[in-house]
Every structure is written in C-alpha cells, then in structure tokens.
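Q: Coordinates in target_0.txt, compact mmCIF, C-alpha atoms, are listed below.
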# COMPACT_ATOMS: atom_id res chain seq x y z
CA MET A 1 15.36 49.29 -197.14
CA SER A 2 16.55 45.69 -197.15
CA PHE A 3 20.24 44.88 -197.54
CA ARG A 4 19.54 43.24 -200.88
CA SER A 5 17.87 46.44 -202.11
CA LEU A 6 20.87 48.45 -200.91
CA ILE A 7 23.22 46.24 -202.91
CA GLN A 8 21.04 46.50 -206.02
CA ASP A 9 20.79 50.30 -205.74
CA MET A 10 24.55 50.56 -205.41
CA LYS A 11 25.10 48.34 -208.48
CA ASP A 12 22.64 50.43 -210.50
CA GLU A 13 24.37 53.66 -209.52
CA PHE A 14 27.79 52.23 -210.39
CA GLY A 15 26.43 51.13 -213.74
CA ASN A 16 25.14 54.60 -214.52
CA ILE A 17 28.36 56.25 -213.37
CA SER A 18 30.52 53.80 -215.34
CA ARG A 19 28.55 54.46 -218.53
CA HIS A 20 28.82 58.20 -217.91
CA GLY A 21 32.56 57.87 -217.34
CA LEU A 22 33.00 55.93 -220.58
CA ARG A 23 31.15 58.61 -222.56
CA SER A 24 33.16 61.36 -220.87
CA SER A 25 36.45 59.61 -221.58
CA ARG A 26 35.88 59.88 -225.32
CA SER A 27 35.48 63.65 -225.17
CA HIS A 28 38.18 64.32 -222.58
CA ARG A 29 40.84 61.80 -223.67
CA ALA A 30 43.24 64.61 -224.52
CA ALA A 31 43.27 65.65 -220.86
CA VAL A 32 44.59 62.27 -219.74
CA ALA A 33 48.36 61.86 -219.44
CA ALA A 34 49.96 60.33 -222.52
CA GLY A 35 50.51 56.61 -222.14
CA ALA A 36 48.05 56.12 -219.27
CA PRO A 37 45.51 53.35 -219.85
CA ARG A 38 42.09 54.47 -221.04
CA VAL A 39 40.52 53.31 -217.81
CA ALA A 40 42.17 56.31 -216.08
CA SER A 41 39.62 58.79 -217.33
CA VAL A 42 36.81 56.44 -216.33
CA VAL A 43 38.15 56.21 -212.78
CA LEU A 44 38.49 59.99 -212.57
CA GLY A 45 34.93 60.48 -213.73
CA LEU A 46 33.73 57.89 -211.25
CA ALA A 47 35.50 59.53 -208.33
CA ASP A 48 34.11 62.96 -209.22
CA ALA A 49 30.60 61.59 -209.59
CA LEU A 50 30.65 59.85 -206.19
CA GLU A 51 32.11 62.82 -204.33
CA GLY A 52 29.64 63.98 -201.70
CA THR A 53 27.16 61.15 -202.26
CA CYS A 54 25.80 58.87 -199.57
CA TRP A 55 28.10 56.08 -200.74
CA ALA A 56 31.20 58.04 -199.68
CA GLN A 57 29.82 58.41 -196.13
CA LEU A 58 28.86 54.79 -195.40
CA PRO A 59 29.91 53.36 -191.99
CA PRO A 60 33.03 51.17 -192.37
CA GLU A 61 31.26 47.95 -191.33
CA LEU A 62 28.39 48.47 -193.75
CA LEU A 63 30.75 49.60 -196.52
CA ARG A 64 32.85 46.46 -196.16
CA GLU A 65 29.77 44.23 -196.30
CA VAL A 66 28.53 46.01 -199.43
CA LEU A 67 31.90 45.73 -201.17
CA VAL A 68 32.22 42.06 -200.22
CA ARG A 69 28.80 41.37 -201.76
CA ILE A 70 29.79 43.22 -204.94
CA GLU A 71 33.07 41.30 -205.22
CA ASP A 72 31.29 37.97 -204.75
CA SER A 73 28.53 38.72 -207.25
CA GLN A 74 30.74 40.08 -210.05
CA GLY A 75 32.68 36.90 -210.75
CA CYS A 76 33.74 37.44 -214.34
CA TRP A 77 34.25 40.12 -216.96
CA PRO A 78 32.70 42.41 -218.12
CA SER A 79 30.67 42.76 -214.89
CA ARG A 80 33.91 42.59 -212.87
CA ARG A 81 34.70 46.15 -213.96
CA ASP A 82 32.43 47.24 -211.07
CA VAL A 83 35.00 45.80 -208.65
CA VAL A 84 37.75 47.84 -210.31
CA ALA A 85 35.54 50.94 -210.19
CA CYS A 86 35.00 50.47 -206.43
CA ALA A 87 38.76 50.37 -205.86
CA GLY A 88 39.11 53.73 -207.62
CA VAL A 89 36.63 55.70 -205.52
CA CYS A 90 38.77 56.75 -202.56
CA ARG A 91 41.46 55.56 -200.16
CA ALA A 92 39.02 53.83 -197.79
CA TRP A 93 37.27 51.94 -200.59
CA ARG A 94 40.59 51.01 -202.16
CA GLY A 95 41.93 49.64 -198.86
CA ILE A 96 38.90 47.41 -198.38
CA MET A 97 38.91 46.16 -201.97
CA LYS A 98 42.59 45.23 -201.73
CA GLU A 99 41.74 43.08 -198.71
CA VAL A 100 38.61 41.58 -200.26
CA VAL A 101 39.95 40.75 -203.74
CA ARG A 102 42.08 37.61 -203.56
CA VAL A 103 45.03 36.80 -205.78
CA PRO A 104 44.43 34.61 -208.88
CA GLU A 105 46.10 31.68 -207.12
CA ALA A 106 43.16 31.46 -204.70
CA SER A 107 40.29 33.07 -206.64
CA ALA A 108 41.02 32.11 -210.28
CA LYS A 109 40.07 35.71 -211.21
CA LEU A 110 42.02 38.49 -212.93
CA THR A 111 40.91 41.82 -211.51
CA PHE A 112 43.61 44.50 -211.32
CA PRO A 113 46.57 44.92 -213.71
CA ILE A 114 48.93 43.50 -211.07
CA SER A 115 47.01 40.21 -211.39
CA LEU A 116 48.83 39.67 -214.68
CA LYS A 117 52.13 39.44 -212.77
CA GLN A 118 50.76 37.01 -210.15
CA PRO A 119 50.75 33.19 -210.39
CA GLY A 120 47.64 31.60 -211.86
CA PRO A 121 45.16 29.40 -209.98
CA LYS A 122 46.23 26.08 -208.49
CA ASP A 123 43.05 24.10 -209.07
CA VAL A 124 41.99 25.20 -212.56
CA THR A 125 43.46 26.74 -215.69
CA LEU A 126 42.68 30.21 -216.99
CA ASN A 127 41.58 29.99 -220.60
CA CYS A 128 42.97 32.82 -222.74
CA PHE A 129 43.61 33.39 -226.44
CA ILE A 130 46.05 35.39 -228.58
CA ARG A 131 45.23 37.33 -231.74
CA ARG A 132 48.08 37.98 -234.16
CA ASN A 133 48.23 40.88 -236.61
CA ARG A 134 50.76 40.00 -239.30
CA THR A 135 50.68 43.45 -240.88
CA THR A 136 51.66 45.39 -237.77
CA GLN A 137 53.56 42.48 -236.14
CA THR A 138 51.56 42.87 -232.96
CA TYR A 139 50.00 40.30 -230.62
CA TYR A 140 47.05 40.72 -228.26
CA LEU A 141 46.22 38.56 -225.25
CA TYR A 142 42.60 38.20 -224.07
CA ILE A 143 40.86 36.13 -221.43
CA GLY A 144 37.81 34.30 -222.70
CA LEU A 145 34.37 35.38 -221.50
CA THR A 146 32.55 32.19 -222.55
CA GLU A 147 33.27 28.51 -223.11
CA ALA A 148 34.02 29.20 -226.77
CA LEU A 149 37.63 28.87 -227.94
CA ALA A 150 37.63 32.58 -228.84
CA ASP A 151 35.06 35.35 -228.31
CA ASP A 152 35.15 39.12 -227.83
CA GLY A 153 37.29 38.52 -224.75
CA LYS A 154 38.65 40.87 -222.11
CA PHE A 155 41.92 42.48 -223.21
CA LEU A 156 44.89 41.73 -220.96
CA LEU A 157 48.24 42.43 -222.67
CA ALA A 158 49.70 43.52 -226.01
CA ALA A 159 53.10 42.90 -227.59
CA ARG A 160 54.97 44.48 -230.47
CA LYS A 161 57.72 42.76 -232.44
CA CYS A 162 60.85 44.83 -232.93
CA ARG A 163 63.64 43.45 -235.13
CA LYS A 164 67.26 44.38 -234.57
CA PRO A 165 70.36 43.30 -236.54
CA THR A 166 71.45 40.70 -233.98
CA TYR A 167 68.29 39.98 -231.98
CA THR A 168 64.51 40.39 -231.86
CA ASP A 169 62.49 41.98 -229.06
CA TYR A 170 58.84 41.46 -228.23
CA LEU A 171 57.89 44.46 -226.10
CA ILE A 172 54.92 43.84 -223.79
CA TYR A 173 52.45 46.53 -222.69
CA LEU A 174 49.32 46.93 -220.58
CA ASP A 175 47.63 49.18 -223.16
CA MET A 176 47.05 48.16 -226.78
CA GLY A 177 46.50 51.80 -227.71
CA ASP A 178 50.01 52.92 -226.76
CA MET A 179 52.89 50.63 -227.68
CA SER A 180 55.32 53.44 -228.45
CA LYS A 181 58.97 53.36 -227.45
CA GLY A 182 58.51 55.55 -224.37
CA SER A 183 55.12 54.20 -223.28
CA SER A 184 54.45 54.23 -219.56
CA THR A 185 52.50 50.98 -219.85
CA TYR A 186 55.58 48.89 -220.74
CA ILE A 187 55.96 45.99 -218.27
CA GLY A 188 58.55 43.68 -219.81
CA LYS A 189 59.91 42.02 -222.94
CA LEU A 190 61.03 38.83 -224.63
CA ARG A 191 64.43 38.89 -226.37
CA SER A 192 65.78 36.28 -228.79
CA ASN A 193 69.28 35.51 -229.95
CA PHE A 194 70.36 35.86 -233.58
CA LEU A 195 69.20 32.33 -234.55
CA GLY A 196 65.91 32.60 -232.70
CA THR A 197 66.61 29.46 -230.68
CA LYS A 198 67.27 31.03 -227.27
CA PHE A 199 65.08 33.61 -225.55
CA THR A 200 65.12 35.55 -222.29
CA VAL A 201 62.04 37.00 -220.61
CA TYR A 202 62.69 40.27 -218.78
CA ASP A 203 60.35 41.79 -216.20
CA ALA A 204 60.43 45.56 -215.86
CA HIS A 205 59.74 45.18 -212.13
CA PRO A 206 61.48 43.07 -209.44
CA PRO A 207 59.82 39.61 -209.43
CA TYR A 208 60.93 38.93 -205.85
CA ASP A 209 62.87 40.57 -203.01
CA GLY A 210 66.54 40.82 -203.85
CA ALA A 211 66.10 40.31 -207.60
CA ILE A 212 69.16 41.39 -209.59
CA VAL A 213 68.67 43.64 -212.59
CA SER A 214 70.36 42.70 -215.84
CA LYS A 215 73.37 44.81 -216.83
CA SER A 216 72.15 45.06 -220.40
CA ARG A 217 72.70 48.48 -221.96
CA SER A 218 69.21 48.37 -223.41
CA ALA A 219 67.39 49.20 -220.18
CA ARG A 220 64.29 51.15 -221.15
CA VAL A 221 63.33 54.54 -219.79
CA ILE A 222 59.66 55.28 -219.38
CA GLY A 223 58.93 58.73 -220.81
CA LEU A 224 56.37 60.65 -218.77
CA ASN A 225 54.61 63.92 -219.38
CA GLN A 226 54.42 64.50 -215.65
CA VAL A 227 56.39 66.67 -213.24
CA SER A 228 58.07 63.55 -211.89
CA PRO A 229 61.37 62.50 -213.52
CA ARG A 230 61.53 59.80 -216.15
CA VAL A 231 61.44 56.37 -214.57
CA PRO A 232 63.89 53.66 -215.70
CA ALA A 233 62.37 50.23 -216.27
CA GLY A 234 64.71 47.49 -215.08
CA ASN A 235 65.55 44.28 -216.93
CA TYR A 236 64.97 41.47 -214.42
CA PRO A 237 65.45 38.02 -216.05
CA VAL A 238 62.55 35.77 -215.06
CA SER A 239 62.80 33.00 -217.65
CA HIS A 240 65.25 31.49 -220.13
CA ILE A 241 63.78 29.57 -223.07
CA SER A 242 65.71 27.34 -225.43
CA TYR A 243 64.67 25.33 -228.49
CA GLU A 244 66.74 22.25 -229.20
CA LEU A 245 67.79 20.82 -232.54
CA ASN A 246 65.13 18.49 -233.88
CA VAL A 247 66.89 15.30 -234.97
CA LEU A 248 63.66 13.97 -236.52
CA GLY A 249 63.49 16.79 -239.06
CA SER A 250 60.13 18.13 -240.19
CA ARG A 251 58.29 15.07 -238.87
CA GLY A 252 59.07 15.83 -235.25
CA PRO A 253 57.73 18.48 -232.91
CA ARG A 254 59.83 21.24 -231.45
CA ARG A 255 61.69 20.52 -228.23
CA MET A 256 61.73 23.42 -225.79
CA ASN A 257 63.09 23.98 -222.32
CA CYS A 258 62.17 26.84 -219.96
CA VAL A 259 64.15 27.70 -216.84
CA MET A 260 61.99 29.90 -214.60
CA SER A 261 64.62 32.02 -212.87
CA SER A 262 62.15 33.62 -210.45
CA ILE A 263 60.30 30.43 -209.38
CA PRO A 264 61.82 27.71 -207.14
CA ALA A 265 61.38 24.09 -208.18
CA SER A 266 59.53 23.44 -204.92
CA ALA A 267 56.62 25.59 -206.18
CA VAL A 268 55.10 22.58 -208.00
CA GLU A 269 55.32 20.37 -204.93
CA GLU A 270 52.70 20.04 -202.20
CA GLY A 271 52.82 23.19 -200.08
CA GLY A 272 55.21 24.91 -202.48
CA LYS A 273 55.14 28.66 -202.90
CA ALA A 274 55.94 30.97 -205.82
CA PRO A 275 56.83 34.67 -205.41
CA THR A 276 53.81 36.95 -205.81
CA GLN A 277 53.99 40.62 -206.71
CA THR A 278 51.27 42.51 -204.85
CA GLU A 279 51.86 46.04 -206.14
CA PHE A 280 53.71 47.84 -208.88
CA PRO A 281 56.93 49.53 -207.65
CA LEU A 282 56.52 53.08 -206.37
CA GLY A 283 58.66 54.58 -209.13
CA ASN A 284 56.49 53.05 -211.82
CA LEU A 285 53.32 54.25 -210.11
CA ASP A 286 54.04 57.75 -211.35
CA SER A 287 53.28 56.32 -214.76
CA PHE A 288 49.67 55.88 -213.65
CA PRO A 289 48.91 59.19 -211.84
CA SER A 290 45.21 59.04 -212.65
CA ILE A 291 44.56 55.54 -211.36
CA PRO A 292 44.11 55.69 -207.57
CA PHE A 293 44.26 51.94 -206.94
CA PHE A 294 47.82 51.84 -208.29
CA ARG A 295 49.14 54.25 -205.69
CA SER A 296 50.48 53.25 -202.29
CA LYS A 297 53.35 54.09 -199.98
CA SER A 298 55.49 51.15 -200.97
CA ALA A 299 55.71 48.20 -203.28
CA ARG A 300 55.41 44.83 -201.59
CA ILE A 301 56.21 41.37 -202.82
CA ASP A 302 54.75 38.35 -201.10
CA SER A 303 57.51 35.89 -201.72
CA ALA A 304 59.16 32.90 -200.18
CA PRO A 305 61.90 33.47 -197.59
CA ALA A 306 65.11 35.01 -198.88
CA GLN A 307 66.98 31.74 -198.78
CA ALA A 308 64.36 30.18 -201.06
CA GLN A 309 65.58 32.34 -203.92
CA ASP A 310 68.81 30.35 -203.87
CA GLU A 311 66.95 27.07 -204.35
CA GLU A 312 66.92 25.06 -207.53
CA LYS A 313 64.90 26.84 -210.22
CA LEU A 314 61.76 25.43 -211.78
CA VAL A 315 62.40 23.88 -215.20
CA LEU A 316 59.57 23.37 -217.68
CA LYS A 317 59.77 21.17 -220.77
CA ASN A 318 57.36 20.41 -223.56
CA LYS A 319 55.28 17.29 -223.03
CA SER A 320 56.32 14.53 -225.41
CA PRO A 321 53.66 13.82 -228.04
CA ARG A 322 52.81 10.37 -229.35
CA TRP A 323 52.86 9.26 -232.98
CA HIS A 324 49.40 8.47 -234.35
CA GLU A 325 49.67 5.74 -236.99
CA GLN A 326 46.28 6.37 -238.59
CA LEU A 327 46.66 10.14 -238.79
CA GLN A 328 50.38 9.90 -239.51
CA CYS A 329 51.22 12.83 -237.24
CA TRP A 330 52.37 13.67 -233.72
CA CYS A 331 49.45 14.12 -231.30
CA LEU A 332 48.83 15.69 -227.90
CA ASN A 333 45.60 15.77 -225.93
CA PHE A 334 44.62 19.45 -225.78
CA ARG A 335 41.13 18.55 -224.52
CA GLY A 336 39.41 20.33 -227.38
CA ARG A 337 41.26 23.63 -226.90
CA VAL A 338 43.37 23.27 -230.08
CA THR A 339 41.89 22.48 -233.50
CA VAL A 340 44.65 23.11 -236.07
CA ALA A 341 47.84 21.06 -236.38
CA SER A 342 50.91 23.27 -236.08
CA VAL A 343 54.54 22.96 -235.10
CA LYS A 344 53.88 25.89 -232.74
CA ASN A 345 51.51 23.85 -230.55
CA PHE A 346 52.95 22.75 -227.21
CA GLN A 347 52.21 21.74 -223.63
CA LEU A 348 54.65 22.52 -220.83
CA VAL A 349 55.06 20.37 -217.73
CA ALA A 350 57.58 20.39 -214.91
CA SER A 351 60.79 18.69 -215.98
CA ASP A 352 61.70 15.25 -214.63
CA GLU A 353 64.61 16.77 -212.76
CA ASN A 354 62.15 18.74 -210.59
CA GLY A 355 60.47 15.56 -209.35
CA ALA A 356 61.57 13.21 -206.60
CA ALA A 357 63.80 10.48 -208.02
CA GLY A 358 63.01 11.58 -211.55
CA GLN A 359 59.24 11.33 -211.08
CA GLU A 360 57.29 12.45 -214.16
CA HIS A 361 54.96 15.45 -213.82
CA ASP A 362 51.71 15.07 -215.75
CA MET A 363 50.05 18.35 -214.82
CA VAL A 364 50.12 20.76 -217.77
CA ILE A 365 51.19 24.20 -216.54
CA LEU A 366 50.96 26.00 -219.89
CA GLN A 367 49.50 24.96 -223.21
CA PHE A 368 49.44 26.88 -226.47
CA GLY A 369 47.85 25.92 -229.74
CA LYS A 370 46.40 27.11 -233.03
CA ILE A 371 42.66 27.40 -233.72
CA GLY A 372 42.71 29.71 -236.76
CA LYS A 373 44.95 31.51 -239.21
CA ASP A 374 45.98 34.16 -236.67
CA LEU A 375 44.22 32.87 -233.58
CA PHE A 376 45.74 30.78 -230.78
CA THR A 377 44.60 29.56 -227.38
CA MET A 378 46.77 30.01 -224.28
CA ASP A 379 45.84 28.23 -221.05
CA TYR A 380 47.96 28.58 -217.92
CA ARG A 381 47.92 27.84 -214.21
CA TYR A 382 50.06 28.03 -211.07
CA PRO A 383 52.95 28.72 -210.58
CA ILE A 384 53.43 30.97 -213.64
CA SER A 385 51.67 34.26 -214.39
CA ALA A 386 49.80 35.58 -217.41
CA PHE A 387 52.77 37.82 -218.24
CA GLN A 388 55.25 34.93 -218.14
CA SER A 389 52.90 32.67 -220.11
CA PHE A 390 52.34 35.30 -222.80
CA ALA A 391 56.09 35.85 -223.17
CA ILE A 392 56.77 32.10 -223.48
CA CYS A 393 54.07 31.76 -226.14
CA LEU A 394 55.51 34.69 -228.09
CA SER A 395 58.75 32.74 -228.45
CA SER A 396 56.88 30.11 -230.45
CA PHE A 397 56.01 32.59 -233.23
CA ASP A 398 59.62 33.00 -234.41
CA THR A 399 60.77 30.83 -237.31
CA LYS A 400 63.38 28.33 -236.15
CA ILE A 401 65.06 26.66 -239.11
CA ALA A 402 67.23 24.40 -236.98
CA CYS A 403 64.33 23.17 -234.83
CA GLU A 404 61.69 22.10 -237.32
Would you mind writing the file's structure down as structure tokens?

A:
Amino acid sequence: MSFRSLIQDMKDEFGNISRHGLRSSRSHRAAVAAGAPRVASVVLGLADALEGTCWAQLPPELLREVLVRIEDSQGCWPSRRDVVACAGVCRAWRGIMKEVVRVPEASAKLTFPISLKQPGPKDVTLNCFIRRNRTTQTYYLYIGLTEALADDGKFLLAARKCRKPTYTDYLIYLDMGDMSKGSSTYIGKLRSNFLGTKFTVYDAHPPYDGAIVSKSRSARVIGLNQVSPRVPAGNYPVSHISYELNVLGSRGPRRMNCVMSSIPASAVEEGGKAPTQTEFPLGNLDSFPSIPFFRSKSARIDSAPAQAQDEEKLVLKNKSPRWHEQLQCWCLNFRGRVTVASVKNFQLVASDENGAAGQEHDMVILQFGKIGKDLFTMDYRYPISAFQSFAICLSSFDTKIACE
C-alpha cells in the first residue's frame, strides 16, 4: 500500500468514526457532564472506536508522518475537525498533534479552543463575523468558511448580556448551548461602568506569568458536577476601553481608546513578542473531563521575559475617518468588509505614542463593521486574540449618549 493510500484510508476511517460519534452524541448527551462542550461526546466515541485498531499501534515515525500529512491537508473548517479528532485519540497522538499544530500567529489557523486566547496571525487578518440576537441579548462569534461576508461559519465564542443596577456584564463562553451562571465553559467577560463609556475586559485565566487577579468581589465560581471541587475563575484585567466625548455631536464618529494591559507596546514593532497562552490552567481542565486534548500536567504560557511585563502597554485607538463631501458622511476604507454605515463601525491601530518619535501606525489590528440588521464583521490580527477582539467589539454595542 502506498503512503498516499494509507493517508486516504485513515481520512476515510476518521470520517466514518466522526459521523458515528456525532450520531451517538445526540442519543447519549445526557451522559456527558453538564456544561461540557458538545464535542466531548464525539471525542469519547472516537477514542472508543479506535481502541484496539491498527491506527493505535502505528510506529511513532510513521504515525508522526501520517498526522503531519493530515494537519497539512485539512487547512480550514469544517475539514479541520479531523485534526481535533486526532488530538483526542490517546496521549501519544495528542502529544504529536500539539507539536505539529502551530499557533495562529504562525499558521493563521484556529484549531483548538486555546487558539481563541492566542494572538492572531502576523501576515494576514482572520475574517470573522458576529450575529446578534436582540431578543435574548446574546452574541455569537463565527469564523468565515468562504470569501463571503457571512456564511454558515464555524462557531467560536458566545456572549450573554447581563444588566446590573450600576454596570453591565457581557459574559463570554466557549459553548453557545450553555451560557448559564455556573457554566464550566466561561472564559472571561466585559464589564462596563454606569454610563457605558468605560469598559474592562477580564480573562478567567492568567494571560501571562505573574498576572495579578482583580480583587473584585464578583469573581465567578465554575459549578461542576464532578468529584473535583468547584473551580474559581479569576478576573485578570487584559484590556481597558474608553469612549471619549464626541465634540462634533451626531456628525462625528466615536472616539475610543484601548489599553492592552497584557500586551507590551513593543509587540507591534519588528521582532516584538506578545504573551501566548498554550494551555488552559490545570484547575480549569477539570471543567473538561471528557476532552483528552485539554488535559496535561501543567499549564504553560509562552510569554516574554518577566521584565517585559513591566514595559509600556500597547495602546490602540480608532483610526481617524475622513469626511466625504459628496456622500456627506465620515468614511473609512474597510476594503469591502463593511457595507452599512453605522456609528458602531471602527478600525483600531496602534496609538501614536507606541511609535518611535510619534510615528503613525497604519496597520489595522482590529476592524468591526455592520453588514446587516444584526450582522457584523470582525477582522483581527496579531498581537490581539479572538477573545480580546470579541470583547472589544462587544463594547461597541452599548448605547453611549455622551459619545454620539
């Protein structure tokens, strides 16, 4: 049998097993721990189906070559689910896949859930879109599967708006099917002040070594139906967003400023580096007992040296639009990714103060814009992550009387 035939046979078997796992998950969903993502039952079914087969007994060298070929050939979703399935087979397969699959910064691919906490690619932008449900006050982030502005998409994150007397929270989850108060898929939140002009993005996990947890009394506790104790989710501030008073009134665009507390200003310079989470913390892994590729002995963060965390923080500001005399409106070049005029539309670039001698940064790091009644595009790149980008975009949905 040729090597190409071996690869094809392995893909076919994974396809059959994945379809079997999906059918089984519908009938055995009650057996899965509450709050675990639906992919858990699929991974369990896959592991059981491969137990004792020839694929579990492959020589390490041949196994690595096969997995490398699969990773290279499955470049985008939905076919990339085969890569995730391989990582859930056993410890040996998981170890190889963790070495083979590169971070989004280098590969421009989102593969595992931890990819959503890692900086985006340096050379291109990842094109995503957000669907808003006004009735339930929920928001869903997808990555596009085609060149269209919005398609079926691959689900990434979900958020739920929660109003309080003096502030508003947007709670962010990995699973759109479980956004309850004690959900184990909670990964962070966006909190606004009373006026809705200042926001703070909190990560439930340490964004870098030595990160200090907020002393807020509202620290969440993840409720688990497991033997393990309930796991507290920390409040680690990773971004501070402020909207300034618009002196031009309704004719002018919003003015926003984002201080990225977890990213040094040097990250946007040549050779700069942003902290990269490589695994979810061990305590939180108990929230995903049925997903093998989440489990490891420790949580590691590939970050800059400790002293770098004391450096000047990256500051993002909205790119100044120009006034179009013929259209009589403020305009920005969204390169066809935004089709509806809205005060919510923005592009973020590195602030002048991050450049040498006040040098202007033209590279758009995050852009957000409206394409339908409840449909928005969100495109981001290095050095911010999908989670941070989603949280920043959520801040634009609040009504800000003083800013528009």

Q: Quick one: everything within 12 Å of Glu147 of chain A, counting all atoms listed in the file, minus sequence neighbours fewer than 5 positions away in the same chain. Send it as a ChimeraX atom specification.

A: /A:126-129,152-153,336-337

Q: For atom CA of Arg160 of chain A and atom CA of Gln388 of chain A, determine how far apart the two atoms are, in Å to one decimal place.

A: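 Atom-to-atom, atom CA of Arg160 of chain A and atom CA of Gln388 of chain A are spaced 15.6 Å apart.
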
Q: To one decimal in Å, tell me the separation between atom CA of Ile187 of chain A and atom CA of Pro121 of chain A.

A: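 One can read the atom CA of Ile187 of chain A to atom CA of Pro121 of chain A distance as 21.5 Å.
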
Q: Counting only C-alpha atoms, which residue out of A:Ile114, A:Leu195, A:Cys86, A:Met363 sits closest to Thr276 of chain A?

A: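 Of A:Ile114, A:Leu195, A:Cys86, A:Met363, the one nearest Thr276 of chain A is A:Ile114, counting only C-alpha atoms.
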
Q: If you count all atoms listed in the file, which residues fall within 12 Å of Asn133 of chain A, apart from same-chain ones fewer than 4 positions away, as number ranges by chain?

A: A: 137-141, 158-161, 373-376, 397
